[in-house]
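Report on one structure; see the data block that follows.
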Amino acid sequence: MAKGKRSRTLSETENSAIKRKRPSGDNHIVDHQGEGETSTSALEVLKQAGLHLDVNNQPNELDVDPVIFQKTLSDNLRRHISYPDVVDEVISALSNHIEDPKRFCWSLMPTVELSDSELVSKKESHDSAVRLLLGVECLQAKLINLLLEKLPEISTQDDEYSVVEGQTINMARLIISQMRWLDRLVDSKQLIGKLDEILSVTPLEVQREIITCVPEILEDQDHPEIAKLLSELLNQSGELTVPILDSLTNLNIPPDLLSDIRQSVTNTLDSVELDDLPVIVKFLLQSVSKEDAPDVVQDLRMKLEFDPNFQDFSSQRSRRLSQTSRVDHSVKSRDSITLTLDTIKSTSRFQKIVADAWIKAIENANNRDNQKALDIVVMFILHGLPSKKKPVESLLRNKIRAGLFTGDLLMSTFSHHSQVLQEYFPSILALSEVLLRSAEMTISCFASAIYQQAFKAFDSYCQQEIIGSLVTHIGSGSDLEIDSSLDILSSLIHTNVDKMTTYAVFIKGVLDYLDNLSFGQIRKLYTMLSILAFASNQEGGLLQDDMHIIIRKQLSNNATKYKQMGIIGTIAIVKALNYGKESSDEPLNSDVYKQVINLLQLAQQCCSKMPEATALFMDETADVIKTSSIHPQVENWINENVTADFQDKFVIDVDAQPLPKDSPISLSLQYALDVDNEGAIGISILPLLLEHQQNATKTDSKSCSLMSLASHFRLLRTCELKQNNGRLEGIDALLGCSLIFCHDDVYSKLSSFSLSEKETVLNSLFIAINWFRELVSGFASQSDAEMKAKVIKRLQNIIDIQDILKSTLSCVPNYVPPVSTFDSVDSTLKVLAATVQPKGKGGKHKKKGESSKAVAADHACANDDTCIITQQCNNETIDKTQDLKKTQSKEEQQSVDLSTYQPYFRELDLDVFTILDTSSIIETSHDTEENTIGKETIKIEPPQLKFLLDDLARKLDHCLVPSISKKRSFLKVSLCCSTVQFDCLKIACFAIDTDRFITFYIPYLQIGKSTKNAGFSQIDQLSSKTVAGRILQFLPSLCQHLDEVTSFFQVGH
């Protein structure tokens, strides 16, 4: 290694210790009384050259320029009559002179130049007397030996430290510094041997001083030899690791020797002290070549444990520390980790081969158990390098897709090394922003975890930057980014309410993007703002006022969209009033209760003339009552003022109100399950629809309330469940009551009806299906056997009406069913309905083509001799073809695909699948005298099972999305017919416990953010873990039913 400019003075501290006023007169002359004539003669040689050695505790004096002194002394010694014996005499005289510790110390301190014409204040300092003499070649080797032999001597005495004018000086360091950066070494081989000898007999501190200065003492050609010596010493003493490696880093070492040293150092990583780690890592990474870099980094990654136990690398010693010492040790450990990571960062920045080696080492770790917290930290570090952003992002995505980087590993990394990671916050935030934009749910989910862990671990500045980044994502216009950002903010609010209140003003800014948000996203936003305004322990009065103003404006707006926004905001406030409270018995503040009730009344009043808004208000209220604990005072008000009029609107007494006979569509009681009961009731569907048809111009027509029939019942049964501990006996009559519906013969005559009457019949069918779907959702979880039997029958009723729809929908082209989901835009549903029509057009073109072929065949036979016979055959063929077409036409009419109409059906609750637990139910029928006249076995049949499986498949396909690009869930429609997948389900259910199954699969599953969310609003409010857990509860029963089906076919039926 090339040497720099050699220093000729000591530090300013040491210089200041000797700059003091010298007494005047002849006291500057050296007094040699008491010394032998030989010493006097030898020192006289030095005096003649210009150096005066003082014996009175004063700095030594130099009369001439240092270069002139060294040349003069060298010439005088070589011309001396007793040369080379005079050299030994001078060394002996110096040895006698420095026997006194104070004179020895002054000999190592800078000399002072003083001329008779200059003032004392104009003194100039030069190198020490010892260093000046080391510049004389004939004296150098013997003087170095003399100095080095002094090291063990002073180490065993009390003069290891010397005090000069109040300054404490380390004598060993001062002695060694005399040999640094000499212009020339006369005998370096002898010096190396002497250093080896001295290192074996000096204390640890002195050894460290010597080793540290080795690169500054020896020439480049001596580096390999001293490197071997240091390598041997490294294996012998772990306490000298840091100074040895520090010296080796500054030595020019042959590659083969350097490789051996690296391997030796790597082997010590398991037992190294934490304080030594930064230097070790620095040596290993700075000394690598392109060929060695991958192996070195791989060894370093395997040996360097950057996990929760990393902070207690010296664990045996740390257990014995006191509490105060433990705190100091923790701070010291953190500093060492920080220095280690800084070393990795600096070497990766300036050495491309090191950065590439880190990426390669992390990429090659394909085992789940071989993933380390160090991998994540290094990737954060490397992402801060401009040239490594893309490779790091690609590698991280691959690791997440493969399930190697998990949430637990990320949580462990942040929780144990938060203060260390905070230094790399800009890189962490930038990487999170990139990952959050990914269309793959697993990757965006990992980005969400990074955001949440960073917010939890870092300080307020970083937290503010995180919130600002998430708000920016919401304003991006991408549904994926918006959903992910809102989910992150929601999670942060639920876990850190008080902290998030500080940043409420940033979240409130999202209200500027309301027009770009879906109703589901608006629901999340209003829920967050309501919690911050009403549930936080800090002041939220200003935000409360803003919320009331915005929601009141939206409710008063005539546009349906903004009115629906106001309804969602109103219910969000109701939900937030009881958020986070352990007990609901505490009464609400009178002012708050009054504000909330006024807001509910305003919402109810503004929705009264808008059926869509009324239905949304009831659906939102039912969801809040079902999924959260709202305050009892508010719940009682809702039960008394919202659900009480259900019977007046929709229910009639069948015995007291006979069916009208003058109806344009013949009416009858259909689908009654409680036929023999007195006081039977019915749901008036078709009469209300006909009344609405006759009064279409009247905006206050009662028939408009049919749009809210299912929503009203949902709210009614939710309140009933809440107030009666999950029991529905109070409204069980609705489960078996009949429908006021069209007569069965209407469907065969439907083609003769007017267009409005056809639409009325079709509307009644959709309303009936949605009514039954709500009944099934409400009563499926009841334990009463009679109710379960009726639920199974209602499932069959749904299937029967769907079959009727398949045969009647084609009678009304471009038909649009009544809306049943009210948290989506109507135009979206109309577009979905319009997509049904191309199938009919295709059929028409096919018929036209077939007809033209028949005409061409007739024309070809006109000039043929056998035309008559052929024509007869053709006529027969045409007749058969026409008959076949009629048959096919009827089949097409009966097989209309209802999947395109799915958004117009009410969503089934997950509780519906509890009906799968139902075994066979024996239902008995009695005569008027209560005598048993028959028995019927009711159980889940294949049609009902297929209906439930179809719905389950749609739910899973929507909400559980795997990480791979082909987004298919692990439970698909194909499970209805695949025995192999049935076996897989049983293995997942029985061979793996539920908690472990969820824990393993959840990293690959996430709520899907489909653009077609109509009909999935309830399941979208549940987390992927909740959905997977609920589905797993149904798997045993589901597998049992599927086994029965497969057994039926295996027997040979």
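Chains: A, B, ... in order of the structure tokens. Residues: from 1 per chain. Ligands: from 1, in order shown.
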| message | Among region 345-460 of chain A, which residues does DSSP mark as helix (DSSP H, G or I) when it is run on the backbone? Keep the chain and numbering as in the structure and answer as a PyMOL selection string. | response | chain A and resi 345-350+352-363+368-370+373-383+386-401+407-416+418-436+441-457+460
| task | Give the strand (DSSP E) residues of region 113-311 of chain A, as DSSP finds them on the backbone, and put them as a PyMOL selection string. | result | chain A and resi 113+124-128+161-164+167-170
| query | Using only C-alpha atoms, which of the listed residues (A:Ile652, A:Arg301, A:Leu511, A:Met618) sits closest to His712 (chain A)? | reply |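 For His712 (chain A), the nearest of the given residues is A:Met618.
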| said: With distances taken over only C-alpha atoms, which residue among A:Asp342, A:Glu232, A:Glu153, A:Glu729 lies nearest Pro203 (chain A)? | reply: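 Selected residue with least distance to Pro203 (chain A): A:Glu153.
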| query | So how far away is CA of Leu543 (chain A) from CA of Arg523 (chain A), in Å? | reply |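 Spanning CA of Arg523 (chain A) to CA of Leu543 (chain A) is a straight-line distance of 16.9 Å.
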| query | Nearest to Val654 (chain A): which of A:Leu809, A:Ser668, A:Pro101, A:Val896 is it, counting only C-alpha atoms? | reply |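 Using only C-alpha atoms, Val654 (chain A) sits closest to A:Ser668.
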| said: Which residues are near Lys788 (chain A)? Cut-off 12 Å, only C-alpha atoms, ignore same chain within fewer than 2 positions. Put them as a PyMOL selection string. | reply: chain A and resi 732+735-736+775-786+790-795+912-923+938-940
| said: Quick one: residues within 12 Å of Leu492 (chain A), only C-alpha atoms, excluding same-chain residues fewer than 2 positions away - as a ChimeraX atom specification? | reply: /A:448-456,463,466-467,470,485-490,494-501,503-504,507,528,531-532
| said: Please list as a PyMOL selection string every residue within 8 Å of Ala361 (chain A), counting only C-alpha atoms and excluding residues in the same chain fewer than 2 positions away. | reply: chain A and resi 294+297-298+301+357-359+363-365
| said: I'd like to know which of A:Ile767, A:Val214, A:Ile798, A:Leu435 is closest to Pro817 (chain A), using only C-alpha atoms. | reply: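 Of the candidates, the smallest distance to Pro817 (chain A) is held by A:Ile767.
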| task | Skip Leu577 (chain A) itself and residues of its chain fewer than 2 positions away, then list as an MDAnalysis selection string all residues within 12 Å of it, counting only C-alpha atoms. | result | chainID A and resid 527 529:536 544 570:575 579:581 584 586:589 592:593 595:597 624 628:635
| message | For Lys563 (chain A), find every residue with an atom within 12 Å (counting only C-alpha atoms), except residues of its own chain fewer than 2 positions away, and show them as a ChimeraX atom specification. | response | /A:519,550-561,565-570,602-614,616-617,822-823
